[in-house]
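Engineer: Submitted below is the structure of interest, expressed as structure tokens.
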Amino acid sequence: GAVVSQHPSWVICKSGTSVKIECRSLDFQATTMFWYRQFPKQSLMLMATSNEGSKATYEQGVEKDKFLINHASLTLSTLTVTSAHPEDSSFYICSAEQGARYGYTFGSGTRLTVV
Amino acid sequence: GENVEQHPSTLSVQEGDSAVIKCTYSDSASNYFPWYKQELGKRPQLIIDIRSNVGEKKDQRIAVTLNKTAKHFSLHITETQPEDSAVYFCAASKRGNNDMRFGAGTRLTVKP
């Protein structure tokens, strides 16, 4: 089955700094990847759709200048949280779809804590 | 856009009993309905899915039913075990549209 690797699994950073999260499809090519955010005890909220070779599509209310997405290749998408603030602390998860047979596969998630 | 509602938010059952989680969706064009199990701090794992051309699908102790007319689908877990305890999310999307929306989640606790 499809495997999606996400790094780092957790990160602590100071307010005002930037953090980059990587999402890799290990055994398949993903023209589209998705970035979700999950607050404690809440559901997954789609932040943006990452498209290889083009600009990401952001959901309403998500600041594209704050959450920079780069889909540089068919196996790698990155999410950079710029000028992080404590309210950005959350669990960020990426996902990708290998094909209709496998559905969506999620990365292991990144727990971001901004202090 | 699609709106998915999920009930109940918490569910507690005795080991061996059945558990049922229900979801409704708003977009009649949605045609793919997966269910995910998420343990604390871990990634959601797909446990079963159903497409709109099927009314029911079963995989061992897990089954999903879909009522397209009423726009609701349900997850059924039989003979529950303590390891079934987790948060379960339903989702809906239009295949090929890459736009999956999740329900709010149900925290299932199976008491031994």
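Residue numbers start at 1 in each chain; chains themselves are named A, B, ... in the order of the structure tokens; ligands are numbered from 1 in the order shown.
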Write out as a compact mmCIF listing (two decimals) with C-alpha atoms, in the first residue's frame the residues lying within 7 Å of A:Thr82, counting only C-alpha atoms and excluding same-chain residues fewer than 4 positions away.

Structural biologist:
# COMPACT_ATOMS: atom_id res chain seq x y z
CA THR A 17 10.53 31.89 13.79
CA SER A 18 9.59 29.72 10.83
CA VAL A 19 9.14 25.97 10.75
CA LYS A 66 1.66 32.51 6.63
CA PHE A 67 1.38 28.88 5.58

Engineer: Find the residues of chain A that sit at most 9 Å from chain B; for each, write down the nearest two atoms and how far apart they are in Å, to one decimal. Count only C-alpha atoms. Sort by chain, then by number going up, and give it as a Markdown table.

Structural biologist:
| residue | atom | partner | partner_atom | distance |
| --- | --- | --- | --- | --- |
| A:Thr32 | CA | B:Asn98 | CA | 8.1 |
| A:Phe34 | CA | B:Asn98 | CA | 8.6 |
| A:Lys41 | CA | B:Gly105 | CA | 8.5 |
| A:Gln42 | CA | B:Ala104 | CA | 6.4 |
| A:Ser43 | CA | B:Ala104 | CA | 4.8 |
| A:Leu44 | CA | B:Phe102 | CA | 6.4 |
| A:Met45 | CA | B:Phe102 | CA | 7.4 |
| A:Leu46 | CA | B:Arg101 | CA | 7.5 |
| A:Thr49 | CA | B:Asn98 | CA | 8.1 |
| A:Phe91 | CA | B:Gly41 | CA | 8.4 |
| A:Ile93 | CA | B:Arg43 | CA | 7.5 |
| A:Glu97 | CA | B:Asn98 | CA | 8.9 |
| A:Ala100 | CA | B:Arg95 | CA | 8.0 |
| A:Gly103 | CA | B:Leu46 | CA | 8.0 |
| A:Tyr104 | CA | B:Leu46 | CA | 7.7 |
| A:Thr105 | CA | B:Gln45 | CA | 7.5 |
| A:Phe106 | CA | B:Arg43 | CA | 6.1 |
| A:Gly107 | CA | B:Arg43 | CA | 6.4 |
| A:Ser108 | CA | B:Arg43 | CA | 4.9 |
| A:Gly109 | CA | B:Arg43 | CA | 6.1 |
| A:Arg111 | CA | B:Gly41 | CA | 8.5 |

Engineer: One number please: atom CA of B:Glu83 to atom CA of A:Val4, in Å, one decimal.

Structural biologist: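 Atom-to-atom, atom CA of B:Glu83 and atom CA of A:Val4 are spaced 24.0 Å apart.
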
Engineer: Can you list every residue in chain B that DSSP puts in strand (DSSP E), as a VMD selection string?

Structural biologist: chain B and resid 4 to 7 10 to 14 19 to 25 32 to 38 45 to 51 56 to 59 62 to 67 72 to 77 86 to 92 101 to 102 106 to 111

Engineer: Can you work out the spacing between atom CA of B:Pro8 and atom CA of A:Arg37 in Å, to one decimal?

Structural biologist: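 Result for atom CA of B:Pro8 versus atom CA of A:Arg37: 22.0 Å, one decimal.
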
Engineer: Please identify all polymer residues within 12 Å of A:His71, counting only C-alpha atoms, omitting same-chain residues fewer than 4 positions from it, and present them as a PDB file with C-alpha atoms, in the first residue's frame.

Structural biologist:
ATOM      1  CA  ILE A  21       7.303  20.404   7.624  1.00  0.00           C
ATOM      2  CA  GLU A  22       7.982  17.844   4.911  1.00  0.00           C
ATOM      3  CA  CYS A  23       5.624  15.302   3.447  1.00  0.00           C
ATOM      4  CA  ARG A  24       6.943  12.596   1.146  1.00  0.00           C
ATOM      5  CA  SER A  25       5.202   9.866  -0.782  1.00  0.00           C
ATOM      6  CA  GLN A  29       3.966   9.717  -7.119  1.00  0.00           C
ATOM      7  CA  ALA A  30       1.483  12.202  -5.777  1.00  0.00           C
ATOM      8  CA  THR A  31       0.509  15.083  -8.013  1.00  0.00           C
ATOM      9  CA  THR A  32      -1.732  16.302  -5.222  1.00  0.00           C
ATOM     10  CA  MET A  33      -1.156  16.356  -1.493  1.00  0.00           C
ATOM     11  CA  PHE A  34      -3.315  17.798   1.228  1.00  0.00           C
ATOM     12  CA  TRP A  35      -2.450  19.615   4.410  1.00  0.00           C
ATOM     13  CA  ALA A  48      -4.781  23.664   1.509  1.00  0.00           C
ATOM     14  CA  THR A  49      -4.354  21.430  -1.483  1.00  0.00           C
ATOM     15  CA  SER A  50      -0.806  21.198  -2.763  1.00  0.00           C
ATOM     16  CA  ASN A  51      -0.380  20.736  -6.502  1.00  0.00           C
ATOM     17  CA  GLU A  52       2.892  19.665  -8.065  1.00  0.00           C
ATOM     18  CA  GLY A  53       4.247  22.360 -10.308  1.00  0.00           C
ATOM     19  CA  SER A  54       1.614  24.952  -9.521  1.00  0.00           C
ATOM     20  CA  LYS A  55       0.327  27.108  -6.717  1.00  0.00           C
ATOM     21  CA  ALA A  56      -1.448  25.584  -3.783  1.00  0.00           C
ATOM     22  CA  THR A  57      -5.157  26.070  -3.308  1.00  0.00           C
ATOM     23  CA  THR A  75       7.016  12.959  -4.102  1.00  0.00           C
ATOM     24  CA  LEU A  76       7.566  15.995  -1.876  1.00  0.00           C
ATOM     25  CA  SER A  77       5.383  18.745  -0.496  1.00  0.00           C
ATOM     26  CA  THR A  78       6.456  21.147   2.227  1.00  0.00           C
ATOM     27  CA  LEU A  79       4.469  23.346   4.575  1.00  0.00           C
ATOM     28  CA  THR A  80       6.304  26.281   6.131  1.00  0.00           C
TER      29      THR A  80
END

Engineer: Which distance in Å separates atom CA of A:Gly61 and atom CA of A:Phe39, to one decimal?

Structural biologist: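 Atom CA of A:Gly61 sits 15.7 Å away from atom CA of A:Phe39.
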
Engineer: Residues near stretch 9-25 of chain B, anyone? I mean within 8 Å using only C-alpha atoms, not counting same-chain ones fewer than 3 positions away, as an MDAnalysis selection string.

Structural biologist: chainID B and resid 2:6 28 71:82 90 92 103:112

Engineer: Would you output that residue set with C-alpha atoms, as a PDB file, in the first residue's frame?

Structural biologist:
ATOM      1  CA  GLU B   2     -19.817  19.814   1.560  1.00  0.00           C
ATOM      2  CA  ASN B   3     -20.795  19.682   5.206  1.00  0.00           C
ATOM      3  CA  VAL B   4     -20.448  16.470   7.190  1.00  0.00           C
ATOM      4  CA  GLU B   5     -22.089  15.950  10.555  1.00  0.00           C
ATOM      5  CA  GLN B   6     -21.213  13.059  12.822  1.00  0.00           C
ATOM      6  CA  SER B  28     -25.608  15.009  -3.158  1.00  0.00           C
ATOM      7  CA  LYS B  71     -27.606  11.342   2.497  1.00  0.00           C
ATOM      8  CA  HIS B  72     -26.395   9.466   5.506  1.00  0.00           C
ATOM      9  CA  PHE B  73     -23.952   6.656   6.138  1.00  0.00           C
ATOM     10  CA  SER B  74     -23.095   4.664   9.206  1.00  0.00           C
ATOM     11  CA  LEU B  75     -20.244   2.657  10.651  1.00  0.00           C
ATOM     12  CA  HIS B  76     -21.069  -0.549  12.485  1.00  0.00           C
ATOM     13  CA  ILE B  77     -18.573  -2.360  14.665  1.00  0.00           C
ATOM     14  CA  THR B  78     -19.650  -5.712  16.047  1.00  0.00           C
ATOM     15  CA  GLU B  79     -18.116  -7.725  18.881  1.00  0.00           C
ATOM     16  CA  THR B  80     -16.184  -4.688  20.046  1.00  0.00           C
ATOM     17  CA  GLN B  81     -12.814  -5.123  21.710  1.00  0.00           C
ATOM     18  CA  PRO B  82     -10.822  -2.755  23.941  1.00  0.00           C
ATOM     19  CA  CYS B  90     -16.252   9.835   8.759  1.00  0.00           C
ATOM     20  CA  ALA B  92     -17.181  12.565   2.273  1.00  0.00           C
ATOM     21  CA  GLY B 103     -16.976  14.796  10.459  1.00  0.00           C
ATOM     22  CA  ALA B 104     -16.215  16.063  13.930  1.00  0.00           C
ATOM     23  CA  GLY B 105     -15.221  12.622  15.185  1.00  0.00           C
ATOM     24  CA  THR B 106     -16.566  10.094  17.668  1.00  0.00           C
ATOM     25  CA  ARG B 107     -14.545   9.006  20.656  1.00  0.00           C
ATOM     26  CA  LEU B 108     -15.314   5.323  21.149  1.00  0.00           C
ATOM     27  CA  THR B 109     -14.463   3.675  24.434  1.00  0.00           C
ATOM     28  CA  VAL B 110     -14.806  -0.073  24.776  1.00  0.00           C
ATOM     29  CA  LYS B 111     -14.886  -1.144  28.407  1.00  0.00           C
ATOM     30  CA  PRO B 112     -13.443  -4.557  29.200  1.00  0.00           C
TER      31      PRO B 112
END
